[in-house]
Structure formats: C-alpha cells, structure tokens
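As provided, coords-v7.txt (compact mmCIF, N, CA and C atoms) reads as follows.
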# COMPACT_ATOMS: atom_id res chain seq x y z
N MET E 1 -32.18 -59.37 -56.53
CA MET E 1 -33.16 -59.33 -57.62
C MET E 1 -33.86 -60.68 -57.73
N ALA E 2 -33.12 -61.78 -57.73
CA ALA E 2 -33.66 -63.11 -58.02
C ALA E 2 -34.47 -63.05 -59.31
N GLY E 3 -35.30 -64.01 -59.57
CA GLY E 3 -36.06 -64.00 -60.80
C GLY E 3 -35.36 -64.75 -61.91
N ILE E 4 -35.71 -64.40 -63.15
CA ILE E 4 -35.22 -65.13 -64.32
C ILE E 4 -34.59 -64.17 -65.31
N ILE E 5 -33.41 -64.57 -65.80
CA ILE E 5 -32.72 -63.87 -66.88
C ILE E 5 -32.69 -64.83 -68.06
N ILE E 6 -33.07 -64.34 -69.22
CA ILE E 6 -33.08 -65.16 -70.44
C ILE E 6 -31.97 -64.71 -71.37
N VAL E 7 -31.28 -65.68 -71.95
CA VAL E 7 -30.27 -65.38 -72.96
C VAL E 7 -30.48 -66.32 -74.14
N GLY E 8 -30.38 -65.77 -75.34
CA GLY E 8 -30.50 -66.57 -76.55
C GLY E 8 -29.13 -66.96 -77.06
N VAL E 9 -28.99 -68.23 -77.44
CA VAL E 9 -27.72 -68.71 -77.98
C VAL E 9 -27.98 -69.51 -79.25
N ASP E 10 -26.97 -69.51 -80.11
CA ASP E 10 -27.06 -70.33 -81.32
C ASP E 10 -25.80 -71.15 -81.55
N GLY E 11 -24.91 -71.17 -80.57
CA GLY E 11 -23.70 -71.97 -80.67
C GLY E 11 -22.50 -71.23 -81.21
N ASN E 12 -22.68 -69.99 -81.68
CA ASN E 12 -21.51 -69.27 -82.21
C ASN E 12 -20.82 -68.46 -81.10
N SER E 13 -19.64 -67.95 -81.41
CA SER E 13 -18.83 -67.28 -80.39
C SER E 13 -19.46 -65.98 -79.89
N THR E 14 -20.18 -65.26 -80.75
CA THR E 14 -20.77 -64.01 -80.28
C THR E 14 -21.92 -64.27 -79.31
N SER E 15 -22.71 -65.30 -79.55
CA SER E 15 -23.79 -65.59 -78.61
C SER E 15 -23.21 -66.11 -77.29
N MET E 16 -22.05 -66.75 -77.34
CA MET E 16 -21.40 -67.20 -76.10
C MET E 16 -20.92 -66.02 -75.27
N LYS E 17 -20.48 -64.95 -75.94
CA LYS E 17 -20.09 -63.75 -75.19
C LYS E 17 -21.29 -63.20 -74.43
N ALA E 18 -22.42 -63.12 -75.08
CA ALA E 18 -23.64 -62.65 -74.43
C ALA E 18 -24.05 -63.60 -73.30
N ALA E 19 -23.91 -64.89 -73.53
CA ALA E 19 -24.28 -65.88 -72.51
C ALA E 19 -23.40 -65.76 -71.27
N ARG E 20 -22.13 -65.51 -71.47
CA ARG E 20 -21.22 -65.36 -70.31
C ARG E 20 -21.57 -64.11 -69.50
N VAL E 21 -21.90 -63.03 -70.18
CA VAL E 21 -22.33 -61.81 -69.48
C VAL E 21 -23.62 -62.10 -68.72
N ALA E 22 -24.55 -62.78 -69.36
CA ALA E 22 -25.82 -63.12 -68.71
C ALA E 22 -25.59 -63.99 -67.48
N ALA E 23 -24.66 -64.94 -67.57
CA ALA E 23 -24.34 -65.81 -66.44
C ALA E 23 -23.77 -64.99 -65.28
N ASN E 24 -22.88 -64.05 -65.58
CA ASN E 24 -22.32 -63.20 -64.53
C ASN E 24 -23.40 -62.36 -63.86
N LEU E 25 -24.31 -61.83 -64.66
CA LEU E 25 -25.43 -61.05 -64.11
C LEU E 25 -26.31 -61.93 -63.23
N ALA E 26 -26.65 -63.10 -63.72
CA ALA E 26 -27.51 -64.01 -62.96
C ALA E 26 -26.86 -64.42 -61.64
N LYS E 27 -25.59 -64.71 -61.69
CA LYS E 27 -24.88 -65.11 -60.47
C LYS E 27 -24.86 -63.95 -59.48
N SER E 28 -24.54 -62.76 -59.95
CA SER E 28 -24.47 -61.58 -59.08
C SER E 28 -25.81 -61.24 -58.46
N LEU E 29 -26.89 -61.45 -59.21
CA LEU E 29 -28.22 -61.06 -58.75
C LEU E 29 -28.99 -62.20 -58.08
N GLY E 30 -28.41 -63.39 -58.09
CA GLY E 30 -29.10 -64.54 -57.51
C GLY E 30 -30.25 -65.02 -58.37
N SER E 31 -30.17 -64.77 -59.66
CA SER E 31 -31.24 -65.13 -60.60
C SER E 31 -30.97 -66.48 -61.25
N THR E 32 -32.00 -67.05 -61.82
CA THR E 32 -31.88 -68.24 -62.64
C THR E 32 -31.63 -67.80 -64.07
N LEU E 33 -30.68 -68.45 -64.74
CA LEU E 33 -30.40 -68.15 -66.14
C LEU E 33 -31.08 -69.18 -67.01
N ARG E 34 -31.93 -68.72 -67.90
CA ARG E 34 -32.65 -69.59 -68.85
C ARG E 34 -31.99 -69.43 -70.21
N VAL E 35 -31.34 -70.48 -70.70
CA VAL E 35 -30.65 -70.47 -71.99
C VAL E 35 -31.63 -70.97 -73.05
N VAL E 36 -31.82 -70.18 -74.10
CA VAL E 36 -32.83 -70.47 -75.11
C VAL E 36 -32.19 -70.51 -76.50
N THR E 37 -32.54 -71.53 -77.26
CA THR E 37 -32.12 -71.64 -78.66
C THR E 37 -33.36 -71.77 -79.54
N ALA E 38 -33.39 -70.98 -80.60
CA ALA E 38 -34.50 -71.05 -81.56
C ALA E 38 -34.06 -71.84 -82.78
N PHE E 39 -35.02 -72.48 -83.42
CA PHE E 39 -34.73 -73.15 -84.69
C PHE E 39 -35.84 -72.83 -85.68
N GLY E 40 -35.44 -72.66 -86.94
CA GLY E 40 -36.35 -72.14 -87.96
C GLY E 40 -37.35 -73.13 -88.51
N GLU E 41 -36.99 -74.39 -88.57
CA GLU E 41 -37.91 -75.39 -89.07
C GLU E 41 -37.54 -76.72 -88.44
N ASP E 42 -38.53 -77.55 -88.23
CA ASP E 42 -38.29 -78.84 -87.60
C ASP E 42 -38.16 -79.90 -88.68
N LYS E 43 -36.92 -80.16 -89.07
CA LYS E 43 -36.65 -81.17 -90.08
C LYS E 43 -35.98 -82.36 -89.43
N THR E 44 -36.34 -83.54 -89.88
CA THR E 44 -35.71 -84.77 -89.40
C THR E 44 -35.13 -85.50 -90.61
N GLU E 45 -33.92 -85.98 -90.42
CA GLU E 45 -33.24 -86.68 -91.51
C GLU E 45 -32.78 -88.04 -91.02
N LYS E 46 -32.99 -89.04 -91.83
CA LYS E 46 -32.57 -90.39 -91.49
C LYS E 46 -31.20 -90.64 -92.11
N VAL E 47 -30.26 -91.10 -91.28
CA VAL E 47 -28.90 -91.40 -91.74
C VAL E 47 -28.64 -92.88 -91.48
N GLU E 48 -28.22 -93.58 -92.52
CA GLU E 48 -27.92 -95.01 -92.40
C GLU E 48 -26.46 -95.25 -92.70
N ILE E 49 -25.81 -95.98 -91.79
CA ILE E 49 -24.43 -96.41 -92.00
C ILE E 49 -24.38 -97.89 -91.65
N GLY E 50 -24.18 -98.72 -92.67
CA GLY E 50 -24.22 -100.16 -92.46
C GLY E 50 -25.60 -100.57 -91.98
N ASN E 51 -25.63 -101.31 -90.87
CA ASN E 51 -26.90 -101.75 -90.30
C ASN E 51 -27.48 -100.75 -89.30
N ASP E 52 -26.74 -99.69 -89.04
CA ASP E 52 -27.19 -98.69 -88.07
C ASP E 52 -27.93 -97.56 -88.77
N GLU E 53 -28.91 -97.02 -88.08
CA GLU E 53 -29.61 -95.85 -88.61
C GLU E 53 -29.85 -94.87 -87.47
N TRP E 54 -29.74 -93.57 -87.80
CA TRP E 54 -29.96 -92.50 -86.84
C TRP E 54 -30.93 -91.51 -87.46
N PHE E 55 -31.66 -90.86 -86.58
CA PHE E 55 -32.55 -89.79 -87.01
C PHE E 55 -32.01 -88.49 -86.42
N LEU E 56 -31.67 -87.55 -87.30
CA LEU E 56 -31.14 -86.26 -86.88
C LEU E 56 -32.23 -85.22 -87.05
N SER E 57 -32.45 -84.44 -86.01
CA SER E 57 -33.54 -83.47 -86.01
C SER E 57 -33.00 -82.08 -85.68
N THR E 58 -33.50 -81.06 -86.37
CA THR E 58 -33.08 -79.69 -86.04
C THR E 58 -33.55 -79.32 -84.64
N ALA E 59 -34.70 -79.82 -84.22
CA ALA E 59 -35.20 -79.55 -82.87
C ALA E 59 -34.26 -80.16 -81.83
N ASP E 60 -33.83 -81.38 -82.06
CA ASP E 60 -32.91 -82.03 -81.12
C ASP E 60 -31.57 -81.31 -81.08
N GLU E 61 -31.09 -80.88 -82.24
CA GLU E 61 -29.81 -80.17 -82.28
C GLU E 61 -29.91 -78.85 -81.53
N ALA E 62 -31.00 -78.12 -81.70
CA ALA E 62 -31.19 -76.86 -80.98
C ALA E 62 -31.22 -77.10 -79.48
N GLU E 63 -31.88 -78.15 -79.06
CA GLU E 63 -31.94 -78.49 -77.63
C GLU E 63 -30.54 -78.82 -77.10
N ARG E 64 -29.75 -79.53 -77.90
CA ARG E 64 -28.38 -79.87 -77.49
C ARG E 64 -27.52 -78.62 -77.36
N VAL E 65 -27.69 -77.66 -78.26
CA VAL E 65 -26.93 -76.40 -78.16
C VAL E 65 -27.27 -75.70 -76.86
N ALA E 66 -28.55 -75.55 -76.57
CA ALA E 66 -28.97 -74.88 -75.34
C ALA E 66 -28.46 -75.63 -74.11
N GLN E 67 -28.56 -76.94 -74.13
CA GLN E 67 -28.10 -77.75 -73.00
C GLN E 67 -26.59 -77.61 -72.79
N ARG E 68 -25.84 -77.68 -73.88
CA ARG E 68 -24.38 -77.58 -73.79
C ARG E 68 -23.96 -76.24 -73.19
N VAL E 69 -24.57 -75.16 -73.64
CA VAL E 69 -24.24 -73.83 -73.12
C VAL E 69 -24.65 -73.73 -71.65
N ALA E 70 -25.85 -74.20 -71.31
CA ALA E 70 -26.31 -74.14 -69.92
C ALA E 70 -25.38 -74.92 -69.00
N GLU E 71 -24.95 -76.08 -69.43
CA GLU E 71 -24.04 -76.88 -68.60
C GLU E 71 -22.68 -76.21 -68.45
N GLU E 72 -22.20 -75.59 -69.51
CA GLU E 72 -20.92 -74.87 -69.43
C GLU E 72 -21.02 -73.70 -68.45
N LEU E 73 -22.11 -72.96 -68.49
CA LEU E 73 -22.28 -71.80 -67.62
C LEU E 73 -22.56 -72.21 -66.17
N LYS E 74 -23.17 -73.36 -65.99
CA LYS E 74 -23.49 -73.86 -64.65
C LYS E 74 -22.23 -74.08 -63.82
N ILE E 75 -21.14 -74.37 -64.48
CA ILE E 75 -19.86 -74.62 -63.79
C ILE E 75 -19.45 -73.40 -62.96
N SER E 76 -19.81 -72.21 -63.42
CA SER E 76 -19.43 -70.99 -62.70
C SER E 76 -20.28 -70.76 -61.45
N GLY E 77 -21.25 -71.64 -61.20
CA GLY E 77 -22.05 -71.53 -59.99
C GLY E 77 -23.41 -70.89 -60.17
N VAL E 78 -23.78 -70.58 -61.39
CA VAL E 78 -25.09 -69.97 -61.64
C VAL E 78 -26.11 -71.09 -61.88
N LYS E 79 -27.33 -70.87 -61.39
CA LYS E 79 -28.40 -71.83 -61.63
C LYS E 79 -28.88 -71.66 -63.06
N THR E 80 -28.87 -72.74 -63.84
CA THR E 80 -29.25 -72.65 -65.25
C THR E 80 -30.38 -73.61 -65.58
N GLU E 81 -31.14 -73.20 -66.57
CA GLU E 81 -32.16 -74.02 -67.21
C GLU E 81 -31.97 -73.83 -68.71
N TYR E 82 -32.56 -74.70 -69.51
CA TYR E 82 -32.43 -74.53 -70.95
C TYR E 82 -33.68 -75.01 -71.66
N THR E 83 -33.86 -74.48 -72.85
CA THR E 83 -34.96 -74.91 -73.70
C THR E 83 -34.66 -74.52 -75.14
N SER E 84 -35.43 -75.06 -76.05
CA SER E 84 -35.39 -74.65 -77.45
C SER E 84 -36.81 -74.55 -77.94
N ALA E 85 -37.01 -73.76 -78.98
CA ALA E 85 -38.36 -73.59 -79.51
C ALA E 85 -38.31 -73.25 -80.99
N LEU E 86 -39.36 -73.65 -81.68
CA LEU E 86 -39.52 -73.36 -83.10
C LEU E 86 -39.93 -71.91 -83.28
N GLY E 87 -39.23 -71.19 -84.14
CA GLY E 87 -39.60 -69.83 -84.45
C GLY E 87 -38.39 -68.95 -84.70
N LYS E 88 -38.65 -67.70 -85.03
CA LYS E 88 -37.57 -66.74 -85.22
C LYS E 88 -36.96 -66.43 -83.87
N PRO E 89 -35.65 -66.23 -83.81
CA PRO E 89 -34.99 -66.02 -82.51
C PRO E 89 -35.63 -64.92 -81.66
N ALA E 90 -35.90 -63.77 -82.23
CA ALA E 90 -36.48 -62.68 -81.43
C ALA E 90 -37.85 -63.08 -80.89
N ASP E 91 -38.67 -63.70 -81.72
CA ASP E 91 -40.00 -64.12 -81.29
C ASP E 91 -39.93 -65.15 -80.17
N VAL E 92 -39.01 -66.09 -80.30
CA VAL E 92 -38.85 -67.13 -79.28
C VAL E 92 -38.42 -66.51 -77.95
N LEU E 93 -37.47 -65.58 -77.99
CA LEU E 93 -37.02 -64.92 -76.75
C LEU E 93 -38.15 -64.13 -76.11
N LEU E 94 -38.91 -63.39 -76.91
CA LEU E 94 -40.01 -62.60 -76.40
C LEU E 94 -41.10 -63.48 -75.79
N GLU E 95 -41.42 -64.57 -76.46
CA GLU E 95 -42.45 -65.48 -75.95
C GLU E 95 -42.01 -66.14 -74.65
N GLU E 96 -40.75 -66.54 -74.59
CA GLU E 96 -40.22 -67.17 -73.38
C GLU E 96 -40.23 -66.18 -72.22
N ALA E 97 -39.83 -64.94 -72.49
CA ALA E 97 -39.81 -63.91 -71.44
C ALA E 97 -41.22 -63.65 -70.91
N ALA E 98 -42.19 -63.57 -71.80
CA ALA E 98 -43.58 -63.33 -71.38
C ALA E 98 -44.12 -64.52 -70.59
N LYS E 99 -43.86 -65.72 -71.09
CA LYS E 99 -44.37 -66.93 -70.44
C LYS E 99 -43.81 -67.08 -69.02
N LEU E 100 -42.53 -66.79 -68.84
CA LEU E 100 -41.87 -66.99 -67.55
C LEU E 100 -41.87 -65.75 -66.67
N LYS E 101 -42.42 -64.64 -67.22
CA LYS E 101 -42.36 -63.35 -66.51
C LYS E 101 -40.92 -63.02 -66.13
N ALA E 102 -40.05 -63.11 -67.12
CA ALA E 102 -38.61 -62.87 -66.92
C ALA E 102 -38.36 -61.43 -66.51
N ASP E 103 -37.27 -61.23 -65.81
CA ASP E 103 -36.87 -59.90 -65.38
C ASP E 103 -35.96 -59.21 -66.40
N LEU E 104 -35.25 -60.02 -67.20
CA LEU E 104 -34.25 -59.46 -68.10
C LEU E 104 -34.00 -60.42 -69.25
N ILE E 105 -33.83 -59.85 -70.45
CA ILE E 105 -33.38 -60.62 -71.62
C ILE E 105 -32.01 -60.07 -71.99
N VAL E 106 -31.05 -60.95 -72.19
CA VAL E 106 -29.70 -60.56 -72.60
C VAL E 106 -29.48 -61.03 -74.04
N VAL E 107 -29.08 -60.09 -74.90
CA VAL E 107 -28.80 -60.40 -76.31
C VAL E 107 -27.50 -59.71 -76.72
N GLY E 108 -26.90 -60.19 -77.79
CA GLY E 108 -25.71 -59.55 -78.34
C GLY E 108 -26.09 -58.49 -79.36
N ASN E 109 -25.14 -57.63 -79.69
CA ASN E 109 -25.43 -56.53 -80.61
C ASN E 109 -25.08 -56.83 -82.07
N VAL E 110 -24.79 -58.07 -82.39
CA VAL E 110 -24.44 -58.43 -83.76
C VAL E 110 -25.58 -58.04 -84.70
N ARG E 111 -25.23 -57.51 -85.83
CA ARG E 111 -26.15 -57.08 -86.89
C ARG E 111 -27.00 -55.88 -86.49
N MET E 112 -26.48 -55.06 -85.60
CA MET E 112 -27.22 -53.84 -85.24
C MET E 112 -26.64 -52.61 -85.93
N GLN E 113 -25.67 -52.82 -86.84
CA GLN E 113 -25.06 -51.69 -87.52
C GLN E 113 -25.48 -51.67 -88.99
N GLY E 114 -25.42 -50.50 -89.59
CA GLY E 114 -25.63 -50.34 -91.03
C GLY E 114 -27.00 -50.78 -91.50
N LEU E 115 -27.05 -51.28 -92.74
CA LEU E 115 -28.30 -51.66 -93.38
C LEU E 115 -29.02 -52.77 -92.61
N LYS E 116 -28.24 -53.70 -92.05
CA LYS E 116 -28.86 -54.80 -91.31
C LYS E 116 -29.65 -54.27 -90.12
N ARG E 117 -29.20 -53.16 -89.52
CA ARG E 117 -29.92 -52.57 -88.40
C ARG E 117 -31.29 -52.09 -88.86
N VAL E 118 -31.33 -51.50 -90.05
CA VAL E 118 -32.60 -51.00 -90.59
C VAL E 118 -33.54 -52.17 -90.88
N LEU E 119 -33.00 -53.26 -91.42
CA LEU E 119 -33.81 -54.41 -91.77
C LEU E 119 -34.21 -55.23 -90.56
N GLY E 120 -33.51 -55.04 -89.46
CA GLY E 120 -33.86 -55.74 -88.23
C GLY E 120 -32.80 -56.71 -87.77
N SER E 121 -32.74 -56.89 -86.50
CA SER E 121 -31.86 -57.86 -85.88
C SER E 121 -32.57 -58.38 -84.64
N VAL E 122 -32.04 -59.42 -84.06
CA VAL E 122 -32.64 -59.98 -82.85
C VAL E 122 -32.64 -58.93 -81.75
N ALA E 123 -31.50 -58.29 -81.53
CA ALA E 123 -31.41 -57.28 -80.46
C ALA E 123 -32.37 -56.12 -80.70
N ASN E 124 -32.48 -55.70 -81.93
CA ASN E 124 -33.38 -54.59 -82.27
C ASN E 124 -34.84 -54.98 -82.00
N ALA E 125 -35.24 -56.14 -82.48
CA ALA E 125 -36.62 -56.59 -82.28
C ALA E 125 -36.92 -56.81 -80.80
N VAL E 126 -36.00 -57.42 -80.08
CA VAL E 126 -36.21 -57.69 -78.66
C VAL E 126 -36.29 -56.38 -77.88
N SER E 127 -35.36 -55.46 -78.16
CA SER E 127 -35.34 -54.21 -77.39
C SER E 127 -36.61 -53.38 -77.58
N HIS E 128 -37.25 -53.50 -78.73
CA HIS E 128 -38.46 -52.73 -78.99
C HIS E 128 -39.75 -53.42 -78.56
N ASN E 129 -39.68 -54.71 -78.23
CA ASN E 129 -40.91 -55.45 -77.95
C ASN E 129 -40.89 -56.24 -76.65
N ALA E 130 -39.84 -56.15 -75.89
CA ALA E 130 -39.69 -56.98 -74.69
C ALA E 130 -40.67 -56.60 -73.58
N PRO E 131 -41.16 -57.61 -72.87
CA PRO E 131 -42.03 -57.36 -71.73
C PRO E 131 -41.24 -57.09 -70.44
N CYS E 132 -39.92 -56.95 -70.58
CA CYS E 132 -39.05 -56.75 -69.43
C CYS E 132 -37.83 -55.94 -69.88
N ASP E 133 -36.89 -55.74 -68.97
CA ASP E 133 -35.67 -55.03 -69.33
C ASP E 133 -34.83 -55.86 -70.30
N VAL E 134 -34.01 -55.15 -71.08
CA VAL E 134 -33.13 -55.80 -72.05
C VAL E 134 -31.72 -55.28 -71.85
N TYR E 135 -30.76 -56.19 -71.86
CA TYR E 135 -29.35 -55.85 -71.75
C TYR E 135 -28.71 -56.26 -73.06
N ILE E 136 -28.13 -55.30 -73.78
CA ILE E 136 -27.49 -55.60 -75.06
C ILE E 136 -25.98 -55.60 -74.85
N VAL E 137 -25.39 -56.75 -75.07
CA VAL E 137 -23.96 -56.97 -74.87
C VAL E 137 -23.21 -56.64 -76.15
N LYS E 138 -22.12 -55.92 -76.02
CA LYS E 138 -21.28 -55.62 -77.18
C LYS E 138 -20.49 -56.88 -77.52
N THR E 139 -20.94 -57.56 -78.55
CA THR E 139 -20.33 -58.84 -78.92
C THR E 139 -19.52 -58.77 -80.21
N ASP E 140 -19.64 -57.66 -80.92
CA ASP E 140 -18.84 -57.52 -82.13
C ASP E 140 -17.44 -57.05 -81.76
N ASP E 141 -16.49 -57.33 -82.62
CA ASP E 141 -15.09 -56.97 -82.29
C ASP E 141 -14.68 -55.66 -82.87

Representation of the structure as structure tokens:
Amino acid sequence: MAGIIIVGVDGNSTSMKAARVAANLAKSLGSTLRVVTAFGEDKTEKVEIGNDEWFLSTADEAERVAQRVAEELKISGVKTEYTSALGKPADVLLEEAAKLKADLIVVGNVRMQGLKRVLGSVANAVSHNAPCDVYIVKTDD
C-alpha cells in the first residue's frame, strides 16, 4: 500500500491504543505513520522561579505529545512523522488527511456510545467526513 496513515493522539491511554494499532498497520503496509495532536487554543504562560523564567505554550505541549508518541512508535520499526495543529481534533485530522492525501485515518471509538454519540465524537465526525478510508479502533474497555 505505502502512502500515509494518520492517527490522532492526545496523550491518554485510549489514544495510545489507537496509535499502536495504526503503527502496526503502517508497518505491515509499508506506510508512513503521521501522528497528529490538536490543541484548542494557543495560550502561553510565563513561569518564574527565582531568576529563571520559562514560557509554557499549549502549542508546544501538543507538539511534544505528538513527538513523544511518534518516537515511541518508531522503535517498532515504523516510519513516523508528527505534527500538531490548532483546532478541534476531528477538523485537524480531516485537514491533515486532505493536505497529505492520506490513505487512512485511524481513530479510537471513545465517546461513540449513548448520548455522546448523538452529540458527536472525533470518530463519528471523521468517519462521516474523511477524504480517505477510516479505521475505528475499539479503545474502550
């Protein structure tokens, strides 16, 4: 198959389950795995301790999450890339898939049951609007 597989992560255990499945698929198919993290707003906070000061940014943190997951999955031998973007998770995944002409988006099924399913979830929005195939991983217990 080759091509690009996209997976969305947010650092929690359920998104890691989806990411591991995506990595296995990418490795089996000879595809590149693109790890994507979305963030809702770009806020920067200044932290001062003694004479030292740091600037903490939600954009930087999202990038670190994507990078950490990509590096962890790379150990298994899959080619990985990572990015983060401002926006709602489903929108970010859809935009990334369209921009890269991805072959597959992998998402978890969290929040696809009950009332939350009616109100929407990332998997629901992606599955109905994706420009490519979608693989929904059973990540709930």

Quick one: 4 Å padding each side, axis-aligned, all listed atoms of region 12-30 of chain E - centre and edge lengths in Å to one decimal, as JSON?
{"center_x": -24.5, "center_y": -65.5, "center_z": -69.9, "size_x": 19.4, "size_y": 16.9, "size_z": 32.7}

Would you kindly return, as a ChimeraX atom specification, each protein, DNA or RNA residue with an atom no farther than 8 Å from any atom of Ala98 (chain E), considering only C-alpha atoms and excluding same-chain residues fewer than 4 positions away?
-> /E:94,102,131

Atomic distance CA of Asn24 (chain E) - CA of Leu104 (chain E), expressed in Å with one decimal =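 These two atoms are separated by 13.0 Å.
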
Please identify which residues in region 25-91 of chain E DSSP calls strand (DSSP E or B) from the backbone, and express them as a ChimeraX atom specification.
-> /E:32-39,44-49,52-57,79-86

Gap from CA of Ser31 (chain E) to CA of Asn124 (chain E) - Å, one decimal =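 A separation of 24.2 Å between them.
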
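Note that CA of Glu95 (chain E) and CA of Arg64 (chain E) are 20.2 Å apart.
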